[in-house]
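For reference, final-v4.cif (mmCIF, C-alpha atoms):
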data_final
#
loop_
_atom_site.group_PDB
_atom_site.id
_atom_site.type_symbol
_atom_site.label_atom_id
_atom_site.label_comp_id
_atom_site.auth_asym_id
_atom_site.auth_seq_id
_atom_site.Cartn_x
_atom_site.Cartn_y
_atom_site.Cartn_z
ATOM 1 C CA MET Z 160 12.772 -17.682 -7.801
ATOM 2 C CA ASP Z 161 11.930 -13.976 -7.342
ATOM 3 C CA HIS Z 162 10.660 -13.822 -10.916
ATOM 4 C CA GLU Z 163 8.291 -16.750 -10.295
ATOM 5 C CA VAL Z 164 6.912 -15.056 -7.194
ATOM 6 C CA ASP Z 165 6.499 -11.806 -9.144
ATOM 7 C CA GLU Z 166 4.565 -13.666 -11.841
ATOM 8 C CA PHE Z 167 2.365 -15.383 -9.236
ATOM 9 C CA PHE Z 168 1.388 -12.122 -7.551
ATOM 10 C CA LYS Z 169 0.928 -10.414 -10.912
ATOM 11 C CA THR Z 170 -1.430 -13.223 -11.876
ATOM 12 C CA MET Z 171 -3.303 -12.943 -8.564
ATOM 13 C CA ALA Z 172 -3.733 -9.215 -9.163
ATOM 14 C CA GLU Z 173 -4.889 -9.509 -12.781
ATOM 15 C CA GLN Z 174 -7.148 -12.559 -12.777
ATOM 16 C CA PRO Z 175 -10.410 -13.001 -10.896
ATOM 17 C CA ALA Z 176 -10.645 -15.906 -8.481
ATOM 18 C CA GLU Z 177 -13.739 -17.228 -10.248
ATOM 19 C CA PRO Z 178 -15.383 -16.474 -13.615
ATOM 20 C CA GLY Z 179 -17.510 -13.354 -13.373
ATOM 21 C CA GLU Z 180 -15.729 -11.857 -10.348
ATOM 22 C CA GLU Z 181 -14.833 -8.238 -10.939
ATOM 23 C CA ARG Z 182 -11.219 -7.243 -10.443
ATOM 24 C CA ARG Z 183 -10.941 -4.599 -7.752
ATOM 25 C CA GLN Z 184 -8.050 -3.285 -5.709
ATOM 26 C CA GLY Z 185 -8.180 -4.702 -2.186
ATOM 27 C CA THR Z 186 -11.344 -5.708 -0.372
ATOM 28 C CA ALA Z 187 -12.512 -2.249 0.674
ATOM 29 C CA ALA Z 188 -14.471 -1.895 -2.568
ATOM 30 C CA ARG Z 189 -16.199 -5.241 -1.934
ATOM 31 C CA ARG Z 190 -17.087 -4.258 1.637
ATOM 32 C CA ALA Z 191 -18.366 -0.855 0.484
ATOM 33 C CA THR Z 192 -20.704 -2.463 -2.065
ATOM 34 C CA GLY Z 193 -21.869 -5.165 0.345
ATOM 35 C CA ASP Z 194 -20.784 -7.949 -2.034
ATOM 36 C CA SER Z 195 -20.042 -10.591 0.566
ATOM 37 C CA GLY Z 196 -19.794 -13.312 -2.104
ATOM 38 C CA ALA Z 197 -16.947 -11.467 -3.819
ATOM 39 C CA ALA Z 198 -15.322 -10.844 -0.436
ATOM 40 C CA LYS Z 199 -15.489 -14.563 0.399
ATOM 41 C CA ARG Z 200 -13.954 -15.470 -2.986
ATOM 42 C CA ALA Z 201 -11.197 -12.898 -2.442
ATOM 43 C CA GLU Z 202 -10.600 -14.205 1.079
ATOM 44 C CA SER Z 203 -10.385 -17.753 -0.284
ATOM 45 C CA ARG Z 204 -7.907 -16.592 -2.916
ATOM 46 C CA SER Z 205 -5.803 -14.752 -0.326
ATOM 47 C CA ALA Z 206 -5.706 -17.936 1.729
ATOM 48 C CA ARG Z 207 -4.163 -19.722 -1.298
ATOM 49 C CA VAL Z 208 -1.362 -17.162 -1.588
ATOM 50 C CA PRO Z 209 0.654 -18.410 1.425
ATOM 51 C CA GLY Z 210 0.453 -22.006 0.169
ATOM 52 C CA GLU Z 211 1.788 -20.940 -3.210
ATOM 53 C CA LEU Z 212 4.563 -18.939 -1.555
ATOM 54 C CA SER Z 213 5.481 -22.022 0.456
ATOM 55 C CA VAL Z 214 5.656 -24.151 -2.702
ATOM 56 C CA ARG Z 215 7.913 -21.519 -4.275
ATOM 57 C CA GLY Z 216 10.213 -21.506 -1.258
ATOM 58 C CA VAL Z 217 9.404 -18.019 0.040
ATOM 59 C CA LEU Z 218 7.580 -19.167 3.176
ATOM 60 C CA ILE Z 219 8.651 -22.275 5.072
ATOM 61 C CA GLU Z 220 5.243 -22.846 6.627
ATOM 62 C CA PRO Z 221 2.141 -21.106 5.214
ATOM 63 C CA HIS Z 222 -0.275 -21.555 8.128
ATOM 64 C CA SER Z 223 1.618 -19.153 10.384
ATOM 65 C CA PHE Z 224 1.210 -16.419 7.755
ATOM 66 C CA ILE Z 225 -2.538 -17.023 7.543
ATOM 67 C CA TRP Z 226 -2.901 -16.913 11.336
ATOM 68 C CA LEU Z 227 -0.693 -13.843 11.563
ATOM 69 C CA ALA Z 228 -2.867 -12.020 9.032
ATOM 70 C CA TYR Z 229 -6.069 -12.914 10.903
ATOM 71 C CA LEU Z 230 -4.766 -12.270 14.419
ATOM 72 C CA THR Z 231 -3.377 -8.859 13.487
ATOM 73 C CA GLY Z 232 -6.593 -7.915 11.684
ATOM 74 C CA GLN Z 233 -4.752 -7.535 8.398
ATOM 75 C CA SER Z 234 -6.321 -10.400 6.416
ATOM 76 C CA ARG Z 235 -8.657 -7.994 4.584
ATOM 77 C CA ASN Z 236 -5.935 -5.407 3.973
ATOM 78 C CA LEU Z 237 -3.751 -7.410 1.590
ATOM 79 C CA LYS Z 238 -3.046 -5.378 -1.543
ATOM 80 C CA ALA Z 239 -3.014 -6.930 -4.996
ATOM 81 C CA GLY Z 240 0.050 -6.255 -7.098
ATOM 82 C CA GLU Z 241 3.375 -7.520 -8.293
ATOM 83 C CA TYR Z 242 5.758 -8.256 -5.428
ATOM 84 C CA ARG Z 243 9.370 -9.269 -5.098
ATOM 85 C CA PHE Z 244 10.325 -10.902 -1.812
ATOM 86 C CA ARG Z 245 13.873 -11.318 -0.598
ATOM 87 C CA LYS Z 246 15.061 -14.766 0.302
ATOM 88 C CA GLY Z 247 14.527 -15.520 3.991
ATOM 89 C CA ILE Z 248 11.736 -12.974 4.495
ATOM 90 C CA THR Z 249 9.787 -13.616 7.682
ATOM 91 C CA PRO Z 250 5.988 -13.922 7.688
ATOM 92 C CA VAL Z 251 5.762 -10.632 9.631
ATOM 93 C CA GLU Z 252 7.899 -8.818 7.039
ATOM 94 C CA LEU Z 253 5.983 -10.367 4.148
ATOM 95 C CA LEU Z 254 2.647 -9.366 5.668
ATOM 96 C CA GLU Z 255 3.879 -5.819 6.240
ATOM 97 C CA GLN Z 256 5.073 -5.554 2.633
ATOM 98 C CA VAL Z 257 1.781 -6.799 1.163
ATOM 99 C CA VAL Z 258 -0.436 -4.767 3.521
ATOM 100 C CA ASN Z 259 1.566 -1.614 2.718
ATOM 101 C CA GLY Z 260 1.422 -2.373 -1.006
ATOM 102 C CA ARG Z 261 5.186 -2.155 -1.525
ATOM 103 C CA VAL Z 262 5.018 -3.463 -5.077
ATOM 104 C CA VAL Z 263 7.660 -3.701 -7.769
ATOM 105 C CA GLU Z 264 8.179 -0.314 -9.423
ATOM 106 C CA TYR Z 265 9.598 0.428 -12.861
ATOM 107 C CA PRO Z 266 11.342 3.619 -14.000
ATOM 108 C CA PHE Z 267 10.383 5.968 -16.809
ATOM 109 C CA VAL Z 268 12.913 8.679 -17.651
ATOM 110 C CA LEU Z 269 11.731 11.871 -19.314
ATOM 111 C CA ILE Z 270 14.796 13.641 -20.701
ATOM 112 C CA GLU Z 271 15.113 17.428 -20.658
ATOM 113 C CA GLY Z 272 14.861 18.869 -24.158
ATOM 114 C CA TRP Z 273 12.762 16.073 -25.640
ATOM 115 C CA THR Z 274 10.013 17.040 -28.055
ATOM 116 C CA PHE Z 275 6.502 15.861 -27.328
ATOM 117 C CA GLN Z 276 6.859 13.217 -30.039
ATOM 118 C CA GLN Z 277 10.015 11.911 -28.354
ATOM 119 C CA VAL Z 278 8.171 11.722 -25.030
ATOM 120 C CA LEU Z 279 5.333 9.776 -26.673
ATOM 121 C CA HIS Z 280 7.803 7.432 -28.359
ATOM 122 C CA ALA Z 281 9.589 6.775 -25.051
ATOM 123 C CA LEU Z 282 6.258 6.085 -23.332
ATOM 124 C CA ALA Z 283 5.297 3.656 -26.107
ATOM 125 C CA GLN Z 284 8.593 1.795 -25.655
ATOM 126 C CA THR Z 285 8.272 1.496 -21.869
ATOM 127 C CA PRO Z 286 7.552 -2.074 -20.738
ATOM 128 C CA ASN Z 287 4.854 -2.685 -18.120
ATOM 129 C CA LEU Z 288 3.163 0.651 -18.908
ATOM 130 C CA LYS Z 289 -0.373 0.303 -20.256
ATOM 131 C CA GLN Z 290 -0.689 2.062 -23.603
ATOM 132 C CA THR Z 291 -3.806 4.233 -24.004
ATOM 133 C CA LEU Z 292 -2.544 7.059 -26.213
ATOM 134 C CA THR Z 293 -1.455 5.127 -29.306
ATOM 135 C CA ASP Z 294 -2.251 7.001 -32.544
ATOM 136 C CA LEU Z 295 -3.938 9.937 -30.786
ATOM 137 C CA PRO Z 296 -3.070 13.437 -32.007
ATOM 138 C CA PRO Z 297 -1.397 15.809 -29.529
ATOM 139 C CA GLU Z 298 -4.578 17.904 -29.284
ATOM 140 C CA GLU Z 299 -6.585 14.893 -28.099
ATOM 141 C CA ILE Z 300 -3.895 13.902 -25.593
ATOM 142 C CA MET Z 301 -3.848 17.390 -24.109
ATOM 143 C CA ALA Z 302 -7.661 17.333 -23.929
ATOM 144 C CA ARG Z 303 -7.517 14.019 -22.051
ATOM 145 C CA LEU Z 304 -5.063 15.628 -19.650
ATOM 146 C CA GLY Z 305 -7.670 18.328 -18.992
ATOM 147 C CA HIS Z 306 -5.880 21.058 -20.967
ATOM 148 C CA PRO Z 307 -7.637 21.342 -24.324
ATOM 149 C CA GLY Z 308 -6.041 23.862 -26.647
ATOM 150 C CA GLN Z 309 -2.745 23.889 -24.747
ATOM 151 C CA HIS Z 310 0.334 23.192 -26.869
ATOM 152 C CA PRO Z 311 2.222 20.159 -25.469
ATOM 153 C CA GLU Z 312 5.818 21.263 -26.068
ATOM 154 C CA GLY Z 313 7.663 22.110 -22.855
ATOM 155 C CA ARG Z 314 4.731 21.134 -20.627
ATOM 156 C CA PHE Z 315 6.236 17.986 -19.038
ATOM 157 C CA TYR Z 316 8.810 18.065 -16.274
ATOM 158 C CA PRO Z 317 11.982 16.090 -17.058
ATOM 159 C CA ASP Z 318 12.610 13.556 -14.316
ATOM 160 C CA THR Z 319 12.663 9.860 -13.475
ATOM 161 C CA TYR Z 320 9.176 8.646 -12.629
ATOM 162 C CA HIS Z 321 8.422 5.294 -11.008
ATOM 163 C CA PHE Z 322 5.278 3.289 -11.633
ATOM 164 C CA SER Z 323 3.851 -0.140 -10.925
ATOM 165 C CA ARG Z 324 2.730 -2.596 -13.588
ATOM 166 C CA GLY Z 325 -0.523 -1.569 -15.231
ATOM 167 C CA HIS Z 326 -0.255 2.208 -14.825
ATOM 168 C CA THR Z 327 -1.127 4.077 -18.001
ATOM 169 C CA ASP Z 328 0.880 6.313 -20.271
ATOM 170 C CA LEU Z 329 -1.777 8.992 -19.698
ATOM 171 C CA ALA Z 330 -1.239 8.816 -15.922
ATOM 172 C CA MET Z 331 2.514 9.172 -16.473
ATOM 173 C CA LEU Z 332 2.013 12.261 -18.653
ATOM 174 C CA ARG Z 333 -0.383 13.711 -16.092
ATOM 175 C CA ARG Z 334 2.247 13.371 -13.344
ATOM 176 C CA ALA Z 335 4.896 15.054 -15.484
ATOM 177 C CA HIS Z 336 2.482 17.840 -16.481
ATOM 178 C CA VAL Z 337 1.426 18.523 -12.874
ATOM 179 C CA LYS Z 338 5.060 18.548 -11.764
ATOM 180 C CA MET Z 339 5.969 21.080 -14.479
ATOM 181 C CA GLU Z 340 3.052 23.337 -13.540
ATOM 182 C CA ARG Z 341 4.101 23.269 -9.883
ATOM 183 C CA HIS Z 342 7.682 23.996 -10.853
ATOM 184 C CA LEU Z 343 6.643 26.987 -12.974
ATOM 185 C CA GLN Z 344 4.470 28.423 -10.187
ATOM 186 C CA ARG Z 345 7.433 28.746 -7.821
#
If you took the structure in this file and wrote it as structure tokens, what would it be?
Amino acid sequence: MDHEVDEFFKTMAEQPAEPGEERRQGTAARRATGDSGAAKRAESRSARVPGELSVRGVLIEPHSFIWLAYLTGQSRNLKAGEYRFRKGITPVELLEQVVNGRVVEYPFVLIEGWTFQQVLHALAQTPNLKQTLTDLPPEEIMARLGHPGQHPEGRFYPDTYHFSRGHTDLAMLRRAHVKMERHLQR
């Protein structure tokens, strides 16, 4: 059942509620642009989420979740993403998890001693990581990281990095590069 809920929330995060609606994280972007039509569509979609969770057996009664979100002022703070909910979660706990954006995270392990090509190969083999660097030469990758002319070998800190579905391979490299630079400055 957890997998079905994950897939539902992943779908809610990746697909617009209606044709032509832009996908944006949360409703803050809609409020900032004054797009009340998009906000109403998003609100309508968020109202469907509790019903779907009830059908999937996560929530016993969906209306209490909707009221809880409105009464606590959190109805516009629900974060899109892929979620896993434990069996028996209360509406208060579920709301807290979604408002805080505690999404499913996946690991990426960068092993000490790997060559840059090995790092790129590992990134390419990592599920749920959006691939943006395929077939780019190392020089171009380093330029995209903001370090043109820098040789890539030894520039990425070996560690286990966690990411949510949809993060890019470039973002992962950027994190490892920043971490290595901070480590070397100590």
So what does the PyMOL selection byres ((chain Z and resi 323) around 8) actually pick up in this one, as a list in words? Glu241, Val262, Val263, Glu264, Tyr265, Asn287, His321, Phe322, Arg324, Gly325 and His326 of chain Z
- Message: For the PyMOL selection byres ((chain Z and resi 310) around 12), applied here, can you spell out every residue it catches as a list in words?
- Response: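 Given this file, the PyMOL selection byres ((chain Z and resi 310) around 12) evaluates to Thr274, Phe275, Pro296, Pro297, Glu298, Glu299, Ile300, Met301, Ala302, Leu304, His306, Pro307, Gly308, Gln309, Pro311, Glu312, Gly313, Arg314, Phe315 and His336 of chain Z.
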Margin query: Since I can't run it myself right now, could you work out what the PyMOL selection byres ((chain Z and resi 280) around 12) selects here and report it as an MDAnalysis selection string?
Written below: chainID Z and resid 267:269 273:279 281:285 290 292:294 328
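Counting only C-alpha atoms and comparing Z:Lys238, Z:Gly232, Z:Phe244, Z:Ala335, the residue that lies closest to Gly216 in chain Z is Z:Phe244.
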Around all the atoms of range 275-293 of chain Z listed in the file, draw an axis-aligned box and extend it by 5 Å on each of the six sides; I want its centre and edge lengths in Å to one decimal, as AutoDock Vina command-line options.
--center_x 3.1 --center_y 6.6 --center_z -24.1 --size_x 23.8 --size_y 28.5 --size_z 21.9
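Here CA of Gly305 in chain Z stands at a distance of 14.6 Å from CA of Lys338 in chain Z.
With only C-alpha atoms as the atoms that count, the minimum distance from Glu255 in chain Z to the choices Z:Arg235, Z:Ala228, Z:Tyr316, Z:Gly240 is reached by Z:Ala228.
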Discussion item. One decimal, in Å: what's the spacing between CA of Leu227 in chain Z and CA of Pro250 in chain Z?
Written reply: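 For CA of Leu227 in chain Z relative to CA of Pro250 in chain Z, the distance reads 7.7 Å.
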Closest of Z:Gly272, Z:Pro209, Z:Val214, Z:Glu252 to Trp226 in chain Z, counting only C-alpha atoms, is Z:Pro209
Separation of CA of Thr249 in chain Z from CA of Gly210 in chain Z, in Å and rounded to one decimal: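 These two atoms are separated by 14.6 Å.
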Find the residue from Z:Lys246, Z:Val337, Z:Leu295, Z:Ser234 that sits nearest to Arg215 in chain Z; use all atoms listed in the file when measuring.
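Ranking Z:Lys246, Z:Val337, Z:Leu295, Z:Ser234 by distance to Arg215 in chain Z, first place goes to Z:Lys246.
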Using all atoms listed in the file, the best pick from Z:His342, Z:Asp318, Z:Leu218, Z:Ser223 as closest to Glu271 in chain Z would be Z:Asp318
**Message:** I'd like to know which of Z:Ile219, Z:Ile248, Z:Leu288, Z:Leu230 is closest to Leu329 in chain Z, using all atoms listed in the file.
**Reply:**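 Among the listed residues, Z:Leu288 lies closest to Leu329 in chain Z.
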Any chance you could model N, CA, C and O atoms for range 265-277 of chain Z and send them as a compact mmCIF listing (two decimals), keeping the file's coordinate frame?
# COMPACT_ATOMS: atom_id res chain seq x y z
N TYR Z 265 8.77 0.32 -11.67
CA TYR Z 265 9.60 0.43 -12.86
C TYR Z 265 9.87 1.90 -13.14
O TYR Z 265 9.02 2.75 -12.87
N PRO Z 266 11.03 2.22 -13.71
CA PRO Z 266 11.34 3.62 -14.00
C PRO Z 266 10.91 4.05 -15.40
O PRO Z 266 10.88 3.24 -16.34
N PHE Z 267 10.56 5.31 -15.52
CA PHE Z 267 10.38 5.97 -16.81
C PHE Z 267 11.16 7.27 -16.73
O PHE Z 267 10.93 8.07 -15.83
N VAL Z 268 12.07 7.48 -17.66
CA VAL Z 268 12.91 8.68 -17.65
C VAL Z 268 12.46 9.60 -18.76
O VAL Z 268 12.42 9.23 -19.93
N LEU Z 269 12.09 10.83 -18.37
CA LEU Z 269 11.73 11.87 -19.31
C LEU Z 269 12.92 12.83 -19.37
O LEU Z 269 13.25 13.48 -18.39
N ILE Z 270 13.56 12.88 -20.52
CA ILE Z 270 14.80 13.64 -20.70
C ILE Z 270 14.51 15.10 -21.04
O ILE Z 270 13.65 15.40 -21.88
N GLU Z 271 15.24 15.99 -20.38
CA GLU Z 271 15.11 17.43 -20.66
C GLU Z 271 15.45 17.70 -22.12
O GLU Z 271 16.42 17.17 -22.66
N GLY Z 272 14.63 18.51 -22.77
CA GLY Z 272 14.86 18.87 -24.16
C GLY Z 272 14.14 18.00 -25.17
O GLY Z 272 14.14 18.29 -26.36
N TRP Z 273 13.51 16.92 -24.72
CA TRP Z 273 12.76 16.07 -25.64
C TRP Z 273 11.55 16.81 -26.20
O TRP Z 273 10.90 17.59 -25.50
N THR Z 274 11.26 16.55 -27.46
CA THR Z 274 10.01 17.04 -28.06
C THR Z 274 8.87 16.17 -27.54
O THR Z 274 9.09 15.08 -27.00
N PHE Z 275 7.66 16.63 -27.76
CA PHE Z 275 6.50 15.86 -27.33
C PHE Z 275 6.46 14.50 -28.04
O PHE Z 275 6.13 13.49 -27.43
N GLN Z 276 6.83 14.48 -29.29
CA GLN Z 276 6.86 13.22 -30.04
C GLN Z 276 7.88 12.25 -29.44
O GLN Z 276 7.65 11.04 -29.38
N GLN Z 277 9.02 12.77 -29.00
CA GLN Z 277 10.02 11.91 -28.35
C GLN Z 277 9.50 11.35 -27.03
O GLN Z 277 9.76 10.21 -26.69
